[in-house]
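Asks: Data: work_17.cif, mmCIF, C-alpha atoms.
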```cif
data_upload
#
loop_
_atom_site.label_atom_id
_atom_site.label_comp_id
_atom_site.auth_asym_id
_atom_site.auth_seq_id
_atom_site.Cartn_x
_atom_site.Cartn_y
_atom_site.Cartn_z
CA MET E 893 7.43 -10.96 -16.39
CA LYS E 894 4.23 -8.95 -16.88
CA TYR E 895 5.66 -7.41 -20.05
CA LEU E 896 6.56 -10.86 -21.37
CA VAL E 897 3.05 -12.17 -20.69
CA GLU E 898 1.56 -9.10 -22.39
CA SER E 899 3.78 -9.62 -25.42
CA TRP E 900 3.35 -13.39 -25.74
CA GLY E 901 -0.15 -13.97 -24.42
CA ILE E 902 -0.95 -16.42 -21.66
CA GLU E 903 -1.15 -19.54 -23.85
CA ARG E 904 2.34 -19.14 -25.31
CA PHE E 905 3.72 -18.23 -21.90
CA LYS E 906 2.18 -21.35 -20.35
CA ALA E 907 3.45 -23.57 -23.17
CA GLU E 908 7.00 -22.27 -22.72
CA ILE E 909 6.91 -22.90 -18.97
CA GLU E 910 5.66 -26.44 -19.61
CA ARG E 911 8.51 -26.99 -22.05
CA TYR E 912 11.03 -26.00 -19.39
CA VAL E 913 9.55 -28.03 -16.52
CA GLY E 914 8.69 -31.06 -18.64
CA TYR E 915 5.05 -31.53 -17.65
CA ALA E 916 1.66 -29.94 -18.20
CA LEU E 917 0.59 -27.32 -15.70
CA PRO E 918 -2.79 -27.83 -14.03
CA GLU E 919 -5.62 -25.44 -14.71
CA PRO E 920 -5.67 -22.44 -12.34
CA ARG E 921 -7.90 -22.74 -9.31
CA PRO E 922 -10.12 -19.83 -8.26
CA LEU E 923 -8.91 -17.94 -5.22
CA THR E 924 -11.17 -16.13 -2.80
CA TRP E 925 -10.23 -14.11 0.24
CA LEU E 926 -12.24 -11.70 2.32
CA SER E 927 -9.61 -9.55 3.98
CA ALA E 928 -6.11 -8.18 3.56
CA ASP E 929 -5.05 -7.89 7.19
CA ASP E 930 -1.81 -6.02 7.82
CA HIS E 931 -1.36 -7.91 11.14
CA LEU E 932 -0.36 -4.77 13.01
CA GLY E 933 -0.51 -4.81 16.80
CA TRP E 934 -0.61 -7.80 19.16
CA HIS E 935 -1.88 -11.24 18.14
CA GLU E 936 -1.86 -14.72 19.61
CA GLN E 937 0.47 -16.97 17.68
CA GLY E 938 -1.30 -20.26 18.43
CA ASP E 939 1.34 -21.82 20.66
CA GLY E 940 0.93 -19.71 23.78
CA ARG E 941 3.26 -17.02 22.49
CA LEU E 942 2.48 -13.72 20.75
CA PHE E 943 3.53 -11.87 17.64
CA PHE E 944 3.57 -8.11 17.21
CA GLY E 945 3.14 -6.18 13.96
CA LEU E 946 4.97 -2.86 13.81
CA PHE E 947 4.16 -0.17 11.25
CA VAL E 948 7.18 0.89 9.17
CA GLU E 949 6.32 3.82 6.93
CA ASN E 950 7.18 2.93 3.33
CA GLY E 951 9.42 0.14 4.65
CA ARG E 952 12.23 2.54 5.56
CA VAL E 953 14.06 1.48 8.73
CA ARG E 954 16.35 4.22 10.00
CA ASP E 955 17.40 6.39 12.95
CA HIS E 956 15.41 5.84 16.15
CA LEU E 957 13.33 3.06 14.58
CA ARG E 958 16.46 1.09 13.74
CA ALA E 959 17.78 1.54 17.26
CA ALA E 960 14.48 0.39 18.78
CA ILE E 961 14.30 -2.71 16.59
CA ARG E 962 17.89 -3.59 17.46
CA GLU E 963 17.26 -3.32 21.20
CA VAL E 964 14.06 -5.39 21.08
CA VAL E 965 15.66 -8.15 19.02
CA GLN E 966 18.84 -8.31 21.08
CA ARG E 967 17.13 -8.14 24.47
CA PHE E 968 14.36 -10.67 23.79
CA GLY E 969 15.94 -12.84 21.08
CA LEU E 970 13.01 -12.42 18.67
CA GLU E 971 12.65 -13.42 15.06
CA VAL E 972 11.81 -10.63 12.62
CA ARG E 973 9.76 -11.08 9.46
CA PRO E 974 9.08 -8.39 6.83
CA THR E 975 5.59 -8.29 5.32
CA PRO E 976 4.23 -7.46 1.85
CA GLN E 977 2.78 -4.31 3.42
CA GLN E 978 6.33 -3.06 4.19
CA ASN E 979 5.88 -3.66 7.92
CA ILE E 980 7.68 -5.89 10.43
CA LEU E 981 6.42 -8.82 12.50
CA PHE E 982 8.20 -9.77 15.73
CA VAL E 983 7.37 -13.40 16.47
CA ASN E 984 7.74 -15.91 19.32
CA ILE E 985 7.14 -13.31 22.05
CA GLN E 986 6.49 -14.43 25.60
CA PRO E 987 3.30 -12.78 26.93
CA ALA E 988 5.20 -11.54 30.00
CA ASP E 989 7.47 -9.46 27.72
CA ARG E 990 4.66 -7.52 26.04
CA SER E 991 4.76 -4.43 28.27
CA ALA E 992 8.55 -4.21 28.19
CA ILE E 993 8.60 -4.37 24.38
CA GLU E 994 6.01 -1.61 24.08
CA ALA E 995 8.00 0.48 26.57
CA ILE E 996 11.11 0.23 24.39
CA PHE E 997 9.25 1.47 21.32
CA ARG E 998 7.79 4.34 23.30
CA GLN E 999 11.24 5.19 24.65
CA TYR E 1000 12.47 5.58 21.09
CA ASP E 1001 9.35 7.54 20.08
CA VAL E 1002 8.20 4.84 17.64
CA ALA E 1003 4.51 5.14 16.72
CA LEU E 1004 2.53 2.10 17.87
CA PRO E 1005 -0.47 0.65 16.02
CA GLY E 1006 -3.64 2.48 16.97
CA THR E 1007 -1.92 5.87 16.97
CA ILE E 1008 -1.39 6.11 13.19
CA PRO E 1009 -4.00 7.53 10.76
CA LEU E 1010 -5.48 4.69 8.72
CA VAL E 1011 -4.71 6.26 5.34
CA VAL E 1012 -1.05 6.59 6.41
CA GLN E 1013 -1.02 3.05 7.76
CA ASN E 1014 -2.43 1.62 4.51
CA ALA E 1015 -0.12 3.52 2.15
CA LEU E 1016 2.84 2.02 0.28
CA ALA E 1017 5.67 3.56 -1.72
CA CYS E 1018 8.62 2.09 -3.59
CA PRO E 1019 12.22 3.26 -2.86
CA ALA E 1020 12.57 5.20 -6.16
CA LEU E 1021 15.14 8.03 -6.08
CA PRO E 1022 17.97 7.92 -5.19
CA THR E 1023 18.11 4.14 -4.60
CA CYS E 1024 16.54 2.68 -7.75
CA GLY E 1025 18.23 3.12 -11.11
CA LEU E 1026 14.89 2.77 -12.91
CA ALA E 1027 13.11 5.58 -11.07
CA ILE E 1028 12.17 8.67 -13.05
CA THR E 1029 10.72 10.63 -10.13
CA GLU E 1030 10.31 10.54 -6.35
CA SER E 1031 8.22 8.12 -4.32
CA GLU E 1032 9.40 7.02 -0.87
CA ARG E 1033 10.90 10.40 0.04
CA VAL E 1034 7.78 12.40 -0.87
CA MET E 1035 5.01 9.98 0.07
CA PRO E 1036 5.00 10.97 3.79
CA GLN E 1037 3.95 14.51 2.87
CA VAL E 1038 1.53 13.46 0.13
CA ILE E 1039 -0.23 10.96 2.38
CA ARG E 1040 -0.49 13.43 5.27
CA ASP E 1041 -2.00 16.00 2.94
CA MET E 1042 -4.45 13.28 1.93
CA ASN E 1043 -5.19 12.55 5.59
CA ALA E 1044 -5.90 16.24 6.22
CA LEU E 1045 -8.35 16.24 3.30
CA LEU E 1046 -10.09 13.11 4.59
CA ASP E 1047 -10.39 14.74 8.01
CA ARG E 1048 -11.89 17.85 6.48
CA LEU E 1049 -14.44 15.77 4.54
CA GLY E 1050 -15.29 13.58 7.50
CA LEU E 1051 -13.99 10.44 5.75
CA HIS E 1052 -11.24 9.44 8.17
CA ASP E 1053 -13.35 7.03 10.25
CA GLY E 1054 -14.84 4.96 7.44
CA PRO E 1055 -13.11 2.70 4.90
CA VAL E 1056 -10.25 5.01 3.89
CA PRO E 1057 -8.65 4.56 0.46
CA HIS E 1058 -5.45 2.59 -0.01
CA VAL E 1059 -2.86 4.84 -1.70
CA ARG E 1060 0.29 3.54 -3.38
CA MET E 1061 3.03 5.45 -5.14
CA THR E 1062 5.88 4.40 -7.42
CA GLY E 1063 8.64 6.34 -9.10
CA CYS E 1064 8.19 4.62 -12.47
CA PRO E 1065 5.68 2.43 -14.36
CA ASN E 1066 7.25 -0.83 -13.17
CA GLY E 1067 4.89 -0.57 -10.20
CA CYS E 1068 6.92 -2.17 -7.41
CA ALA E 1069 4.52 -0.89 -4.70
CA ARG E 1070 1.56 -2.45 -6.56
CA PRO E 1071 -0.13 0.84 -7.53
CA TYR E 1072 -2.18 -0.70 -10.34
CA THR E 1073 -4.36 -2.66 -7.91
CA ALA E 1074 -4.64 0.16 -5.36
CA GLU E 1075 -7.75 2.23 -4.81
CA ILE E 1076 -5.55 5.24 -5.59
CA GLY E 1077 -2.40 4.49 -7.57
CA LEU E 1078 0.22 7.18 -8.22
CA VAL E 1079 2.70 6.10 -10.90
CA GLY E 1080 5.76 8.15 -11.85
CA ARG E 1081 5.27 9.56 -15.35
CA SER E 1082 8.11 12.07 -15.65
CA LEU E 1083 10.08 14.34 -13.34
CA ASN E 1084 7.72 15.38 -10.52
CA ALA E 1085 4.65 14.16 -12.46
CA TYR E 1086 2.41 11.13 -11.98
CA THR E 1087 -0.40 9.18 -13.57
CA ILE E 1088 -3.35 8.76 -11.19
CA TYR E 1089 -5.15 5.41 -11.29
CA LEU E 1090 -8.49 4.89 -9.53
CA GLY E 1091 -10.77 1.94 -8.90
CA GLY E 1092 -8.55 -0.85 -7.69
CA SER E 1093 -9.80 -3.17 -4.97
CA PRO E 1094 -8.98 -2.80 -1.26
CA LEU E 1095 -8.04 -6.50 -1.46
CA GLY E 1096 -5.79 -6.00 -4.48
CA THR E 1097 -8.00 -8.18 -6.69
CA ARG E 1098 -8.84 -5.64 -9.40
CA LEU E 1099 -6.89 -3.28 -11.63
CA GLY E 1100 -7.59 0.44 -11.53
CA GLU E 1101 -8.11 2.72 -14.52
CA VAL E 1102 -6.23 5.84 -15.57
CA TYR E 1103 -8.02 8.87 -14.16
CA LEU E 1104 -5.56 11.70 -14.86
CA ASP E 1105 -2.14 11.76 -16.48
CA ASN E 1106 0.92 13.92 -15.94
CA VAL E 1107 -0.25 15.44 -12.64
CA LYS E 1108 2.34 17.41 -10.68
CA ARG E 1109 3.05 16.03 -7.22
CA GLU E 1110 1.96 19.24 -5.53
CA GLU E 1111 -1.43 18.99 -7.28
CA ILE E 1112 -2.24 15.33 -6.54
CA VAL E 1113 -4.42 15.84 -3.46
CA ALA E 1114 -6.22 18.84 -4.94
CA ARG E 1115 -7.02 16.90 -8.13
CA LEU E 1116 -8.42 14.04 -6.04
CA GLU E 1117 -10.59 16.28 -3.87
CA PRO E 1118 -13.56 16.43 -6.31
CA ILE E 1119 -13.67 12.63 -6.48
CA LEU E 1120 -13.52 12.28 -2.72
CA LEU E 1121 -16.36 14.81 -2.46
CA LEU E 1122 -18.41 12.69 -4.87
CA TYR E 1123 -17.59 9.63 -2.79
CA GLN E 1124 -18.68 11.41 0.37
CA ARG E 1125 -22.05 12.36 -1.15
CA GLU E 1126 -22.95 9.45 -3.44
CA ARG E 1127 -21.35 6.25 -2.10
CA ASN E 1128 -23.50 3.28 -1.18
CA PRO E 1129 -23.56 2.18 2.48
CA GLY E 1130 -20.27 0.47 3.31
CA GLU E 1131 -18.89 1.01 -0.20
CA SER E 1132 -15.14 1.41 -0.39
CA PHE E 1133 -13.57 4.23 -2.38
CA GLY E 1134 -12.13 1.78 -4.91
CA ASP E 1135 -15.47 0.05 -5.42
CA PHE E 1136 -17.17 3.44 -5.83
CA CYS E 1137 -14.69 4.52 -8.51
CA HIS E 1138 -14.96 1.17 -10.28
CA ARG E 1139 -18.77 1.35 -10.27
CA LEU E 1140 -18.81 4.80 -11.88
CA GLY E 1141 -15.85 4.30 -14.21
CA SER E 1142 -13.04 6.67 -15.10
CA ALA E 1143 -14.87 8.56 -17.85
CA THR E 1144 -17.85 9.27 -15.61
CA LEU E 1145 -15.60 10.37 -12.76
CA GLN E 1146 -13.77 12.78 -15.07
CA HIS E 1147 -17.05 14.22 -16.30
CA LEU E 1148 -18.59 14.61 -12.83
CA ALA E 1149 -15.43 16.16 -11.43
CA GLY E 1150 -15.03 18.50 -14.40
CA GLN E 1151 -11.60 17.11 -15.25
CA ASN E 1152 -12.03 15.79 -18.79
CA GLU E 1153 -8.47 15.62 -19.97
#
```
Would you write the structure of this file as structure tokens?

Replies:
Amino acid sequence: MKYLVESWGIERFKAEIERYVGYALPEPRPLTWLSADDHLGWHEQGDGRLFFGLFVENGRVRDHLRAAIREVVQRFGLEVRPTPQQNILFVNIQPADRSAIEAIFRQYDVALPGTIPLVVQNALACPALPTCGLAITESERVMPQVIRDMNALLDRLGLHDGPVPHVRMTGCPNGCARPYTAEIGLVGRSLNAYTIYLGGSPLGTRLGEVYLDNVKREEIVARLEPILLLYQRERNPGESFGDFCHRLGSATLQHLAGQNE
């Protein structure tokens, strides 16, 4: 749909929708939100019961994680809801069952919220190869290593405790993991090469800009290191990485990092 809107323009697109539905669409209302909570961990549901958010890396349920989910659902009769962050919510949990549910996940060696590095927890990747016929390079299968290399860099720079950047990777420009609104977006460009976008919002309310193109996967973290060093030294108090990159702009970041390409 985004390509259609780009081709037609919003006015023609709106007029065509109105022709189909038979009435005029109202003017859009402004939306404002202050957080993008992933709902991981334990929360009160509002009716005396609890819900539990479980981290699922890149949305891939397999092996011991699949077995743990099956046992929890079968034993406690819970509903399961996937989230836009690729995680799982278990809902309608009796408070008395909380410890037993956690014990099952530990038995299957499933990482619980609070034990996962924030940059890993915030990352998303699309399925890409070999599942998606549109993919031109890897995403889900390589993101675990890329994001852990990123976490090691953040640790080395002392940035792991603050607002860590949201990183999203896709295997093609269709952008199914929403890389264009990420603080760091990695978009498949060709085999084993990516376009790096910077400056999206942590809330997903702003598009990033192209920073570097055609970067080999093995070079992604190294090419981002100069920008993270700038962020470490020159950010404003409480400023997120995406807001920092947006404030400076892509051309300035390239110049300061010595990567004018």

Asks: The PyMOL selection byres ((chain E and resi 1035-1041) around 8) on the file shown: which residues, as an MDAnalysis selection string?

Replies: chainID E and resid 949 1011:1012 1015 1017 1031:1034 1042:1045 1059 1061 1109 1112:1113

Asks: Emit the selected residues as a PDB file, in the coordinates of the input, including C-alpha atoms.

Replies:
```pdb
ATOM      1  CA  GLU E 949       6.320   3.820   6.930  1.00  0.00           C
ATOM      2  CA  VAL E1011      -4.710   6.260   5.340  1.00  0.00           C
ATOM      3  CA  VAL E1012      -1.050   6.590   6.410  1.00  0.00           C
ATOM      4  CA  ALA E1015      -0.120   3.520   2.150  1.00  0.00           C
ATOM      5  CA  ALA E1017       5.670   3.560  -1.720  1.00  0.00           C
ATOM      6  CA  SER E1031       8.220   8.120  -4.320  1.00  0.00           C
ATOM      7  CA  GLU E1032       9.400   7.020  -0.870  1.00  0.00           C
ATOM      8  CA  ARG E1033      10.900  10.400   0.040  1.00  0.00           C
ATOM      9  CA  VAL E1034       7.780  12.400  -0.870  1.00  0.00           C
ATOM     10  CA  MET E1042      -4.450  13.280   1.930  1.00  0.00           C
ATOM     11  CA  ASN E1043      -5.190  12.550   5.590  1.00  0.00           C
ATOM     12  CA  ALA E1044      -5.900  16.240   6.220  1.00  0.00           C
ATOM     13  CA  LEU E1045      -8.350  16.240   3.300  1.00  0.00           C
ATOM     14  CA  VAL E1059      -2.860   4.840  -1.700  1.00  0.00           C
ATOM     15  CA  MET E1061       3.030   5.450  -5.140  1.00  0.00           C
ATOM     16  CA  ARG E1109       3.050  16.030  -7.220  1.00  0.00           C
ATOM     17  CA  ILE E1112      -2.240  15.330  -6.540  1.00  0.00           C
ATOM     18  CA  VAL E1113      -4.420  15.840  -3.460  1.00  0.00           C
TER      19      VAL E1113
END
```

Asks: Using all atoms listed in the file, which protein or nucleic acid residues come within 6 Å of stretch 1096-1106 of chain E? Drop anything in the same chain fewer than 6 positions from it, and give the result as an MDAnalysis selection string.

Replies: chainID E and resid 1072:1073 1085:1090 1142

Asks: Measuring atom to atom with all atoms listed in the file, identify which of E:Glu994, E:Asp1001, E:Glu971, E:Asp939 is nearest to E:Leu957.

Replies: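 Result for the nearest residue to E:Leu957: E:Asp1001.
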
Asks: Given the choices E:Asp930, E:Glu963, E:Glu1030, E:Glu1110, which gets closest to E:Phe997 if the distance is worked out from all atoms listed in the file?

Replies: E:Glu963

Asks: Evaluating the PyMOL selection byres ((chain E and resi 1018) around 9) on the displayed file yields which residues, as number ranges by chain?

Replies: E: 950-951, 1016-1017, 1019-1020, 1024, 1031-1032, 1060-1063, 1067-1070

Asks: In Å, how far is it from atom CA of E:Pro974 to atom CA of E:Ile1076?

Replies: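 Going from atom CA of E:Pro974 over to atom CA of E:Ile1076 covers 23.5 Å.
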
Asks: Using all atoms listed in the file, find the one residue out of E:Leu1120, E:Leu926, E:Leu1078, E:Ala992 that sits nearest to E:Pro1057.

Replies: E:Leu1120

Asks: In Å, rounded to a single decimal, give me how far atom CA of E:Val1056 is from atom CA of E:Gly1134.

Replies: 9.6 Å

Asks: Given the file shown, determine the residues that the PyMOL selection byres ((chain E and resi 975) around 12) selects; report them as a compact mmCIF listing (two decimals) with C-alpha atoms, in the coordinates of the input.

Replies:
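Written output follows (part_19.txt):
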```txt
# COMPACT_ATOMS: atom_id res chain seq x y z
CA ALA E 928 -6.11 -8.18 3.56
CA ASP E 929 -5.05 -7.89 7.19
CA ASP E 930 -1.81 -6.02 7.82
CA HIS E 931 -1.36 -7.91 11.14
CA LEU E 932 -0.36 -4.77 13.01
CA GLY E 945 3.14 -6.18 13.96
CA LEU E 946 4.97 -2.86 13.81
CA PHE E 947 4.16 -0.17 11.25
CA VAL E 948 7.18 0.89 9.17
CA ASN E 950 7.18 2.93 3.33
CA GLY E 951 9.42 0.14 4.65
CA VAL E 972 11.81 -10.63 12.62
CA ARG E 973 9.76 -11.08 9.46
CA PRO E 974 9.08 -8.39 6.83
CA PRO E 976 4.23 -7.46 1.85
CA GLN E 977 2.78 -4.31 3.42
CA GLN E 978 6.33 -3.06 4.19
CA ASN E 979 5.88 -3.66 7.92
CA ILE E 980 7.68 -5.89 10.43
CA LEU E 981 6.42 -8.82 12.50
CA PHE E 982 8.20 -9.77 15.73
CA LEU E 1016 2.84 2.02 0.28
```

Asks: Restricting the calculation to only C-alpha atoms, which member of E:Glu898, E:Gly1150, E:Gly1092, E:Trp934 is positioned closest to E:His1058?

Replies: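 Under the stated criterion, the closest residue is E:Gly1092.
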
Asks: When you count all atoms listed in the file, which of these residues is closest to E:Leu1121: E:Ala1149, E:Lys906, E:Pro1065, E:Leu923?

Replies: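 Closest residue, counting all atoms listed in the file: E:Ala1149.
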